>>> print(open('entry22.txt').read())   # compact mmCIF, C-alpha atoms
# COMPACT_ATOMS: atom_id res chain seq x y z
CA MET A 187 0.00 0.00 0.00
CA THR A 188 2.85 2.37 0.73
CA ASP A 189 5.10 1.11 -2.07
CA SER A 190 4.82 4.18 -4.30
CA LEU A 191 5.26 6.45 -1.27
CA ARG A 192 8.33 4.48 -0.26
CA ILE A 193 9.88 4.82 -3.72
CA ARG A 194 9.46 8.58 -3.66
CA LEU A 195 10.68 8.87 -0.08
CA ALA A 196 13.70 6.70 -0.93
CA GLN A 197 14.66 9.03 -3.79
CA GLU A 198 14.36 12.08 -1.54
CA GLN A 199 16.34 10.49 1.28
CA GLN A 200 19.06 9.26 -1.05
CA ALA A 201 19.47 12.74 -2.56
CA LEU A 202 19.71 14.29 0.91
CA LEU A 203 22.19 11.69 2.10
CA ASN A 204 24.35 12.05 -1.02
CA ALA A 205 24.51 15.79 -0.45
CA LEU A 206 25.41 15.38 3.21
CA ILE A 207 27.97 12.62 3.11
CA ALA A 208 29.04 11.95 -0.46
CA GLU A 209 29.59 15.28 -2.21
CA GLY A 210 26.22 15.17 -3.99
CA ALA A 211 24.49 18.38 -5.05
CA CYS A 212 22.19 20.12 -2.57
CA PRO A 213 18.69 18.86 -3.43
CA PRO A 214 16.12 21.52 -4.44
CA GLY A 215 14.27 23.18 -1.61
CA TYR A 216 16.99 22.78 1.02
CA GLU A 217 18.81 25.76 2.53
CA SER A 218 22.43 25.50 1.43
CA ASP A 219 23.78 27.12 4.63
CA ALA A 220 21.94 24.64 6.83
CA MET A 221 23.15 21.79 4.62
CA ALA A 222 26.77 22.96 4.86
CA LEU A 223 26.55 23.27 8.65
CA THR A 224 24.96 19.84 8.97
CA ARG A 225 27.54 18.31 6.66
CA GLN A 226 30.35 19.71 8.79
CA SER A 227 28.73 18.65 12.05
CA LEU A 228 28.28 15.09 10.73
CA ILE A 229 32.00 14.95 9.96
CA SER A 230 32.88 16.38 13.37
CA LYS A 231 30.64 13.79 15.02
CA ARG A 232 32.31 10.97 13.08
CA LEU A 233 35.73 12.29 14.01
CA ARG A 234 34.75 12.45 17.68
CA GLU A 235 33.30 8.92 17.66
CA VAL A 236 36.29 7.43 15.84
CA GLY A 237 38.57 9.14 18.37
CA ILE A 238 36.67 7.40 21.18
CA ALA A 239 36.57 4.03 19.41
CA TRP A 240 40.30 4.17 18.57
CA PRO A 241 41.87 5.92 21.58
CA MET A 242 45.35 4.92 20.40
CA PHE A 243 45.13 7.05 17.23
CA ASP A 244 46.42 10.19 18.92
CA SER A 245 49.54 8.40 20.11
CA ILE A 246 50.27 6.16 17.12
CA LEU A 247 49.34 8.59 14.35
CA THR A 248 49.83 11.93 16.14
CA THR A 249 47.07 14.52 15.93
CA GLU A 250 47.70 14.67 12.16
CA TRP A 251 45.11 11.90 11.83
CA ARG A 252 42.32 14.31 12.80
CA LYS A 253 43.09 16.53 9.81
CA GLN A 254 43.45 13.51 7.52
CA PHE A 255 40.18 12.04 8.76
CA GLN A 256 38.28 15.23 7.89
CA SER A 257 39.43 14.91 4.25
CA PHE A 258 38.68 11.16 4.25
CA ALA A 259 35.15 11.75 5.58
CA GLN A 260 34.40 14.29 2.83
CA THR A 261 34.30 11.53 0.23
CA ASN A 262 33.78 8.32 2.21
CA PRO A 263 30.38 7.73 3.84
CA PRO A 264 30.41 6.06 7.27
CA PRO A 265 30.48 2.24 6.98
CA LYS A 266 27.90 -0.08 8.54
CA GLY A 267 30.09 -1.27 11.39
CA GLY A 268 30.06 2.04 13.26
CA PRO A 269 33.04 4.05 14.54
CA ILE A 270 35.37 1.05 14.95
CA GLU A 271 34.93 0.03 11.32
CA ASP A 272 35.04 3.69 10.28
CA GLY A 273 38.43 4.09 11.95
CA TYR A 274 39.72 0.93 10.31
CA CYS A 275 38.53 2.04 6.83
CA PHE A 276 40.24 5.36 7.41
CA LEU A 277 43.51 3.64 8.31
CA ALA A 278 43.29 1.30 5.33
CA ASN A 279 42.45 4.20 3.02
CA TRP A 280 45.22 6.42 4.35
CA ASN A 281 47.82 3.66 3.96
CA HIS A 282 50.42 6.06 5.17
CA ARG A 283 53.97 5.09 4.27
CA SER A 284 55.26 6.04 7.68
CA PHE A 285 52.73 3.95 9.56
CA THR A 286 54.41 2.72 12.67
CA LEU A 287 54.47 -0.83 13.89
CA ALA A 288 51.84 0.15 16.48
CA ALA A 289 49.48 1.35 13.75
CA GLN A 290 49.95 -1.84 11.74
CA LYS A 291 49.28 -3.88 14.88
CA ALA A 292 46.10 -1.91 15.57
CA MET A 293 44.84 -2.66 12.05
CA LEU A 294 45.81 -6.31 12.31
CA ASN A 295 44.02 -6.68 15.66
CA HIS A 296 40.85 -5.30 14.11
CA GLU A 297 41.15 -7.61 11.09
CA LEU A 298 41.48 -10.63 13.40
CA LYS A 299 38.47 -9.64 15.49
CA ARG A 300 36.22 -9.26 12.45
CA SER A 301 37.56 -12.37 10.68
CA SER A 302 35.41 -15.43 9.95
CA GLU A 303 34.99 -18.42 12.28
CA GLY A 304 37.79 -21.00 12.64
CA TRP A 305 41.54 -20.46 12.47
CA ILE A 306 42.68 -17.26 10.72
CA LEU A 307 46.24 -16.13 10.00
CA VAL A 308 46.76 -12.48 9.06
CA PHE A 309 49.95 -10.57 8.40
CA ARG A 310 50.84 -6.96 7.65
CA ARG A 311 54.12 -5.46 6.50
CA THR A 312 55.39 -2.16 7.82
CA PRO A 313 56.52 -0.20 4.74
CA GLY A 314 60.15 0.80 4.73
CA LEU A 315 61.01 -1.17 7.83
CA TRP A 316 60.76 -4.66 6.36
CA ARG A 317 59.03 -6.03 9.37
CA LEU A 318 56.05 -8.34 9.43
CA VAL A 319 53.27 -8.31 12.00
CA ILE A 320 51.65 -11.72 12.16
CA GLY A 321 48.44 -12.57 13.99
CA LEU A 322 46.53 -15.75 14.63
CA ALA A 323 42.89 -15.93 15.70
CA TYR A 324 40.43 -18.72 16.42
CA ASN A 325 36.71 -17.97 16.20
CA LYS A 326 37.38 -14.21 16.23
CA ARG A 327 39.49 -14.46 19.41
CA ILE A 328 43.10 -13.37 19.08
CA VAL A 329 45.46 -16.20 19.99
CA LEU A 330 48.81 -14.68 19.12
CA VAL A 331 50.33 -11.53 17.60
CA PHE A 332 54.06 -11.26 16.95
CA THR A 333 56.51 -9.42 14.70
CA LEU A 334 59.29 -10.65 12.38
CA PRO A 335 62.18 -10.02 12.60
CA TRP A 336 61.97 -9.93 16.36
CA MET B 223 -6.55 17.58 29.34
CA ALA B 224 -6.82 13.82 29.88
CA VAL B 225 -3.78 12.42 31.63
CA ALA B 226 -2.69 8.85 30.95
CA THR B 227 -2.53 6.75 34.08
CA ASN B 228 -0.65 3.78 32.67
CA LEU B 229 2.61 5.51 31.86
CA PRO B 230 5.40 3.02 31.22
CA LEU B 231 7.80 5.01 33.44
CA SER B 232 7.78 7.42 36.34
CA GLY B 233 10.28 9.44 38.33
CA SER B 234 13.75 10.46 37.28
CA GLY B 235 16.21 8.69 35.03
CA ILE B 236 19.58 9.15 33.42
CA GLY B 237 21.24 8.06 30.20
CA TRP B 238 23.78 5.40 31.23
CA ARG B 239 27.26 5.90 29.77
CA PRO B 240 30.38 3.90 30.74
CA GLU B 241 32.04 7.11 31.95
CA LEU B 242 29.13 7.75 34.34
CA SER B 243 28.71 4.16 35.50
CA ALA B 244 30.36 4.60 38.91
CA SER B 245 28.45 7.80 39.64
CA ILE B 246 25.13 6.34 38.50
CA ALA B 247 25.64 3.35 40.79
CA CYS B 248 25.76 5.78 43.75
CA LEU B 249 22.85 8.04 42.76
CA SER B 250 19.85 7.86 45.04
CA SER B 251 16.20 8.36 44.06
CA LEU B 252 16.83 7.05 40.56
CA SER B 253 13.85 5.32 38.93
CA PHE B 254 15.34 4.24 35.62
CA ILE B 255 18.32 4.40 33.31
CA GLU B 256 18.33 4.51 29.55
CA ILE B 257 21.01 2.59 27.66
CA ILE B 258 22.07 2.85 24.01
CA ALA B 259 20.63 -0.41 22.71
CA GLU B 260 23.17 -0.96 19.93
CA SER B 261 26.03 -0.91 22.46
CA PHE B 262 24.61 -4.07 24.07
CA TRP B 263 23.50 -6.01 20.99
CA HIS B 264 25.55 -9.06 21.75
CA CYS B 265 24.85 -9.34 25.47
CA GLN B 266 23.79 -12.86 26.37
CA GLN B 267 23.78 -11.98 30.07
CA LEU B 268 23.13 -8.81 31.97
CA PRO B 269 26.30 -6.78 32.55
CA ASP B 270 27.10 -6.52 36.29
CA PRO B 271 26.36 -2.78 36.65
CA PHE B 272 22.88 -3.40 35.27
CA LYS B 273 22.25 -6.38 37.57
CA CYS B 274 23.01 -4.16 40.57
CA LEU B 275 20.68 -1.43 39.31
CA LEU B 276 17.86 -3.89 38.60
CA ASN B 277 18.30 -5.37 42.09
CA ARG B 278 17.73 -1.87 43.46
CA GLY B 279 14.45 -1.68 41.52
CA ILE B 280 15.84 0.68 38.89
CA GLU B 281 14.35 -0.05 35.49
CA ILE B 282 16.34 -0.10 32.25
CA VAL B 283 15.08 1.27 28.94
CA PRO B 284 16.89 0.28 25.72
CA HIS B 285 17.15 3.36 23.51
CA GLY B 286 17.77 2.59 19.84
CA ILE B 287 19.62 5.00 17.59
CA SER B 288 19.88 3.21 14.26
CA LEU B 289 16.54 1.62 13.38
CA GLY B 290 15.52 4.48 11.09
CA LEU B 291 11.76 4.06 11.42
CA ALA B 292 11.09 7.05 9.19
CA GLY B 293 13.27 5.59 6.45
CA ALA B 294 11.83 4.55 3.12
CA ASP B 295 12.67 0.88 3.71
CA TYR B 296 10.71 -1.55 5.82
CA PRO B 297 12.39 -1.92 9.22
CA ASP B 298 15.13 -4.54 9.41
CA LEU B 299 13.61 -7.58 11.13
CA ASP B 300 16.96 -8.83 12.47
CA HIS B 301 17.55 -5.43 14.02
CA LEU B 302 14.09 -5.47 15.59
CA LYS B 303 14.58 -9.02 16.91
CA ARG B 304 17.85 -8.01 18.55
CA LEU B 305 16.14 -5.01 20.12
CA ALA B 306 13.28 -7.21 21.35
CA SER B 307 15.69 -9.74 22.77
CA LEU B 308 17.62 -7.03 24.65
CA ALA B 309 14.36 -5.59 26.00
CA ARG B 310 13.38 -9.09 27.25
CA LEU B 311 16.77 -9.56 28.90
CA LEU B 312 16.41 -6.23 30.68
CA GLU B 313 12.70 -6.76 31.45
CA ALA B 314 12.37 -3.26 30.03
CA PRO B 315 9.15 -1.33 30.70
CA CYS B 316 9.41 0.15 27.20
CA VAL B 317 11.75 0.65 24.25
CA SER B 318 12.55 3.98 22.65
CA GLU B 319 13.70 5.06 19.19
CA HIS B 320 13.56 8.13 16.95
CA VAL B 321 11.39 9.58 14.22
CA ALA B 322 14.23 9.85 11.74
CA PHE B 323 15.94 8.12 8.87
CA VAL B 324 19.53 6.95 9.19
CA ARG B 325 20.32 5.25 5.88
CA ALA B 326 19.32 5.31 2.24
CA ASN B 327 20.14 2.87 -0.51
CA GLY B 328 22.35 0.91 1.88
CA ILE B 329 24.46 3.94 2.84
CA GLU B 330 24.61 4.81 6.53
CA SER B 331 24.44 8.43 7.62
CA GLY B 332 25.74 7.74 11.12
CA HIS B 333 23.24 10.31 12.29
CA LEU B 334 19.52 10.91 12.79
CA LEU B 335 18.14 12.81 9.79
CA PRO B 336 14.80 14.59 9.44
CA VAL B 337 11.93 13.66 7.13
CA PRO B 338 9.30 15.93 5.60
CA ARG B 339 6.27 15.99 7.87
CA ASN B 340 3.42 15.21 5.49
CA LYS B 341 0.79 12.53 4.96
CA GLY B 342 3.01 10.45 2.67
CA THR B 343 5.88 10.19 5.14
CA LEU B 344 3.40 9.59 7.93
CA ALA B 345 1.86 6.62 6.10
CA VAL B 346 5.29 4.98 5.75
CA LEU B 347 6.24 5.79 9.34
CA ILE B 348 2.96 4.40 10.67
CA GLU B 349 3.44 1.15 8.78
CA ASN B 350 7.03 0.85 10.00
CA THR B 351 6.04 1.65 13.59
CA LYS B 352 3.32 -1.02 13.58
CA ILE B 353 5.83 -3.60 12.30
CA ALA B 354 8.25 -2.59 15.06
CA MET B 355 5.60 -2.76 17.77
CA ASP B 356 4.54 -6.24 16.58
CA VAL B 357 8.06 -7.55 17.00
CA LEU B 358 8.95 -5.65 20.19
CA GLN B 359 5.80 -6.60 22.08
CA ARG B 360 6.22 -3.77 24.58
CA PRO B 361 5.48 -0.06 24.63
CA LEU B 362 7.46 1.83 22.01
CA ALA B 363 8.24 5.51 22.59
CA LEU B 364 9.37 7.62 19.63
CA GLU B 365 11.52 10.70 19.99
CA ASN B 366 11.56 14.03 18.17
CA ILE B 367 14.99 14.88 16.76
CA ALA B 368 16.80 18.19 16.32
CA SER B 369 18.10 19.18 12.92
CA ARG B 370 19.20 22.38 11.25
CA ILE B 371 17.81 21.22 7.94
CA GLU B 372 14.12 21.42 7.23
CA PRO B 373 13.15 19.08 4.38
CA PRO B 374 10.90 20.71 1.80
CA GLY B 375 7.40 19.31 1.57
CA SER B 376 6.52 19.54 5.26
CA THR B 377 2.86 20.38 5.64
CA MET B 378 2.28 19.51 9.31
CA PRO B 379 3.63 21.00 12.54
CA GLU B 380 5.76 18.48 14.43
CA GLY B 381 3.20 18.18 17.24
CA ASP B 382 0.37 17.34 14.83
CA PHE B 383 2.61 14.82 13.08
CA PHE B 384 3.28 13.04 16.39
CA GLN B 385 -0.39 13.27 17.41
CA GLU B 386 -1.48 11.43 14.28
CA LEU B 387 1.33 8.90 14.65
CA VAL B 388 0.20 8.15 18.20
CA ASP B 389 -3.48 8.02 17.27
CA ARG B 390 -2.92 5.54 14.47
CA THR B 391 -0.34 3.26 16.06
CA GLY B 392 -0.78 3.44 19.82
CA CYS B 393 2.90 4.26 20.28
CA TRP B 394 4.19 6.61 22.97
CA VAL B 395 6.23 9.79 22.68
CA LEU B 396 9.70 10.40 24.05
CA LEU B 397 9.69 14.18 24.02
CA ASP B 398 13.21 15.58 23.90
CA LEU B 399 12.96 19.05 25.39
CA GLU B 400 16.50 19.99 24.49
CA ASN B 401 15.89 19.03 20.85
CA LEU B 402 12.79 21.21 20.88
CA HIS B 403 14.77 24.03 22.44
CA ALA B 404 17.51 23.71 19.79
CA GLN B 405 14.88 23.65 17.02
CA GLY B 406 13.21 26.68 18.58
CA ARG B 407 16.49 28.58 18.57
CA THR B 408 17.16 27.68 14.92
CA ARG B 409 13.64 28.27 13.60
CA GLN B 410 12.62 30.91 16.14
CA PHE B 411 9.30 29.37 17.12
CA ASN B 412 7.41 29.69 20.38
CA LEU B 413 8.28 26.68 22.53
CA ASN B 414 5.09 26.58 24.60
CA GLU B 415 2.94 26.81 21.50
CA GLN B 416 4.98 24.05 19.85
CA ILE B 417 4.79 21.76 22.90
CA SER B 418 1.05 22.17 23.26
CA LYS B 419 0.53 20.49 19.87
CA PHE B 420 2.25 17.27 20.93
CA PRO B 421 0.11 14.46 22.34
CA LEU B 422 1.00 15.31 25.93
CA GLN B 423 -1.18 12.54 27.35
CA ARG B 424 1.01 9.95 25.57
CA ILE B 425 4.44 11.07 26.71
CA ALA B 426 6.33 8.07 28.04
CA TYR B 427 9.17 10.24 29.32
CA LEU B 428 11.13 13.39 28.61
CA HIS B 429 14.74 13.91 27.60
CA VAL B 430 16.52 16.85 29.18
CA ALA B 431 20.08 17.97 28.46
CA GLY B 432 22.23 21.05 28.16
CA GLY B 433 24.01 22.56 25.19
CA GLY B 434 25.69 25.80 24.26
CA GLU B 435 26.45 28.36 21.59
CA HIS B 436 29.35 27.95 19.18
CA HIS B 437 29.98 30.59 16.52
CA GLY B 438 26.55 32.08 17.08
CA GLU B 439 24.74 28.74 16.60
CA TYR B 440 23.10 26.78 19.39
CA HIS B 441 24.17 23.13 19.60
CA ASP B 442 22.51 20.48 21.76
CA THR B 443 25.85 19.06 22.77
CA HIS B 444 24.69 17.31 25.95
CA ASP B 445 27.83 18.47 27.70
CA GLN B 446 26.48 21.23 29.96
CA PRO B 447 24.03 21.49 32.84
CA VAL B 448 20.42 21.74 31.69
CA GLY B 449 19.62 25.32 30.66
CA GLU B 450 16.82 27.60 31.79
CA ALA B 451 14.67 27.22 28.66
CA THR B 452 14.61 23.44 28.96
CA LEU B 453 13.98 23.65 32.71
CA ALA B 454 11.02 25.94 32.08
CA MET B 455 9.54 23.40 29.66
CA LEU B 456 10.11 20.60 32.18
CA LYS B 457 8.33 22.61 34.83
CA ALA B 458 5.41 23.43 32.52
CA LEU B 459 4.96 19.80 31.50
CA GLN B 460 5.15 18.55 35.07
CA LYS B 461 2.40 21.02 35.89
CA ILE B 462 0.19 19.38 33.29
CA ASN B 463 1.11 15.87 34.38
CA PRO B 464 3.10 15.46 37.60
CA SER B 465 3.73 11.80 36.75
CA ILE B 466 5.78 12.53 33.64
CA ALA B 467 9.20 10.94 33.97
CA PHE B 468 12.37 12.67 32.83
CA CYS B 469 15.77 11.38 31.77
CA LEU B 470 18.96 13.44 31.88
CA GLU B 471 21.33 12.97 28.93
CA ARG B 472 25.00 13.78 29.37
CA ASP B 473 27.41 12.69 26.64
CA SER B 474 30.72 14.41 27.38
CA ASN B 475 32.45 16.92 29.65
CA TRP B 476 31.77 14.29 32.29
CA PRO B 477 30.73 15.69 35.67
CA CYS B 478 32.06 14.27 38.93
CA PHE B 479 29.61 12.44 41.20
CA GLN B 480 28.80 15.53 43.28
CA GLU B 481 28.01 17.60 40.17
CA LEU B 482 25.87 14.85 38.68
CA ALA B 483 23.96 14.28 41.92
CA ALA B 484 23.41 18.03 42.29
CA GLU B 485 22.12 18.24 38.69
CA MET B 486 19.66 15.39 39.30
CA ASP B 487 18.51 17.06 42.55
CA ARG B 488 18.05 20.36 40.70
CA LEU B 489 15.92 18.65 38.02
CA ARG B 490 13.83 16.87 40.65
CA TYR B 491 13.37 20.16 42.47
CA TYR B 492 12.06 21.75 39.27
CA ALA B 493 9.83 18.78 38.64
CA MET B 494 8.43 18.79 42.18
CA ALA B 495 8.18 22.57 42.59
CA ASN B 496 4.71 22.40 41.09
CA LEU B 497 3.54 20.00 43.75
CA VAL B 498 4.49 22.20 46.69
>>> encode(input="entry22.txt", output="structure tokens")
Amino acid sequence: MTDSLRIRLAQEQQALLNALIAEGACPPGYESDAMALTRQSLISKRLREVGIAWPMFDSILTTEWRKQFQSFAQTNPPPKGGPIEDGYCFLANWNHRSFTLAAQKAMLNHELKRSSEGWILVFRRTPGLWRLVIGLAYNKRIVLVFTLPW
Amino acid sequence: MAVATNLPLSGSGIGWRPELSASIACLSSLSFIEIIAESFWHCQQLPDPFKCLLNRGIEIVPHGISLGLAGADYPDLDHLKRLASLARLLEAPCVSEHVAFVRANGIESGHLLPVPRNKGTLAVLIENTKIAMDVLQRPLALENIASRIEPPGSTMPEGDFFQELVDRTGCWVLLDLENLHAQGRTRQFNLNEQISKFPLQRIAYLHVAGGGEHHGEYHDTHDQPVGEATLAMLKALQKINPSIAFCLERDSNWPCFQELAAEMDRLRYYAMANLV
């Protein structure tokens, strides 16, 4: 009964969302100032939530990550998994050459926790340092994380 | 005005946050806490802090933030089942959510976004609300949101929109006074006039919080003591119905125990001032 209404509403909501989080044009009838303010406050909220979900970012990436995240959020809508996944996507997208071992370990820990059931082996290489971070998980529980060469 | 006698909640409550857990455990005269439902999706057992509160007779309300009942899609049944299961685990007197959409075409907004208040949106929202109530099997209270953007195509005042939603679904209202205050500041409307249009006899509970001005704009940041405008609304509503419950929301700039207890006492004083 509401199918045609839902189709129209979906189009309106998609246009609004595209404008707010994916660089889409401001849909007709919306105040551009209010849209710009909302867009910025959505990014600030994401930044705040990612900062809480990944408290180690400030120490392992320095406060530079906050500036980088603002640019990342301009073109990348928030993922389904909430702030933890958002922070991970940001790290993966940034792929900074000077990522420290601690940053690589943080990414690897997240990959192990969201892996599938059973035994999972994951490794990451720290660029420029020629070191491997290796992690082993069983049923999403981390069993072991170590680095090579020691 | 007719006053509902079977309100799902009464007294004073507070939004539970991990940072406030120790303080909340020591608060006296607390009737209920509200928890962010999605943070406890995977709980098979009650977390210890909640067991202690339930043992003290303090009720727990799961408050959802990502169902998106005003979205164009039908509500996600898995999401609703998880919410229902959490409400059962907590023996919750009711569940609350928002009149908002949070995703479109599979893309998450990470935020509560407004919908145009018209008959078309209302029809979709009513259908979604009925589906949710069928699965939840307990009172559902829906909250008004604050937003700077006003979608074109709105033909109904917010109060009328909620009145019709309540009339046609039997849901309850979670009236967020701070959201109303923020909207009032942005749109410059009269708060008392706006409130009077809401179905006041179906308010399950109220949200109160404090915000502040940044660069000339008011933000409901939930990081300050509750302001005078919101207190005045609380007082006015308690005058209409002394049984209306309220819930303090504080999301950052964490107060110490003494500050939090004093804030709860201040709110209770405002709420009870009408009775003296």
>>> atom_distance(input="entry22.txt", atom1="CA of Gln460 (chain B)", atom2="CA of Cys478 (chain B)")
27.5 Å
>>> closest_residue(input="entry22.txt", among="B:Leu302, B:Ala314, B:Ala292, B:Ala345", to="Phe272 (chain B)", atoms="all atoms listed in the file")
B:Ala314
>>> interface_residues(input="entry22.txt", of="chain A", to="chain B", cutoff="6 Å", atoms="only C-alpha atoms", output="count of residues only")
7
>>> atom_distance(input="entry22.txt", atom1="CA of Lys231 (chain A)", atom2="CA of Gly434 (chain B)")
15.9 Å
>>> atom_distance(input="entry22.txt", atom1="CA of Asn414 (chain B)", atom2="CA of Leu489 (chain B)")
19.0 Å
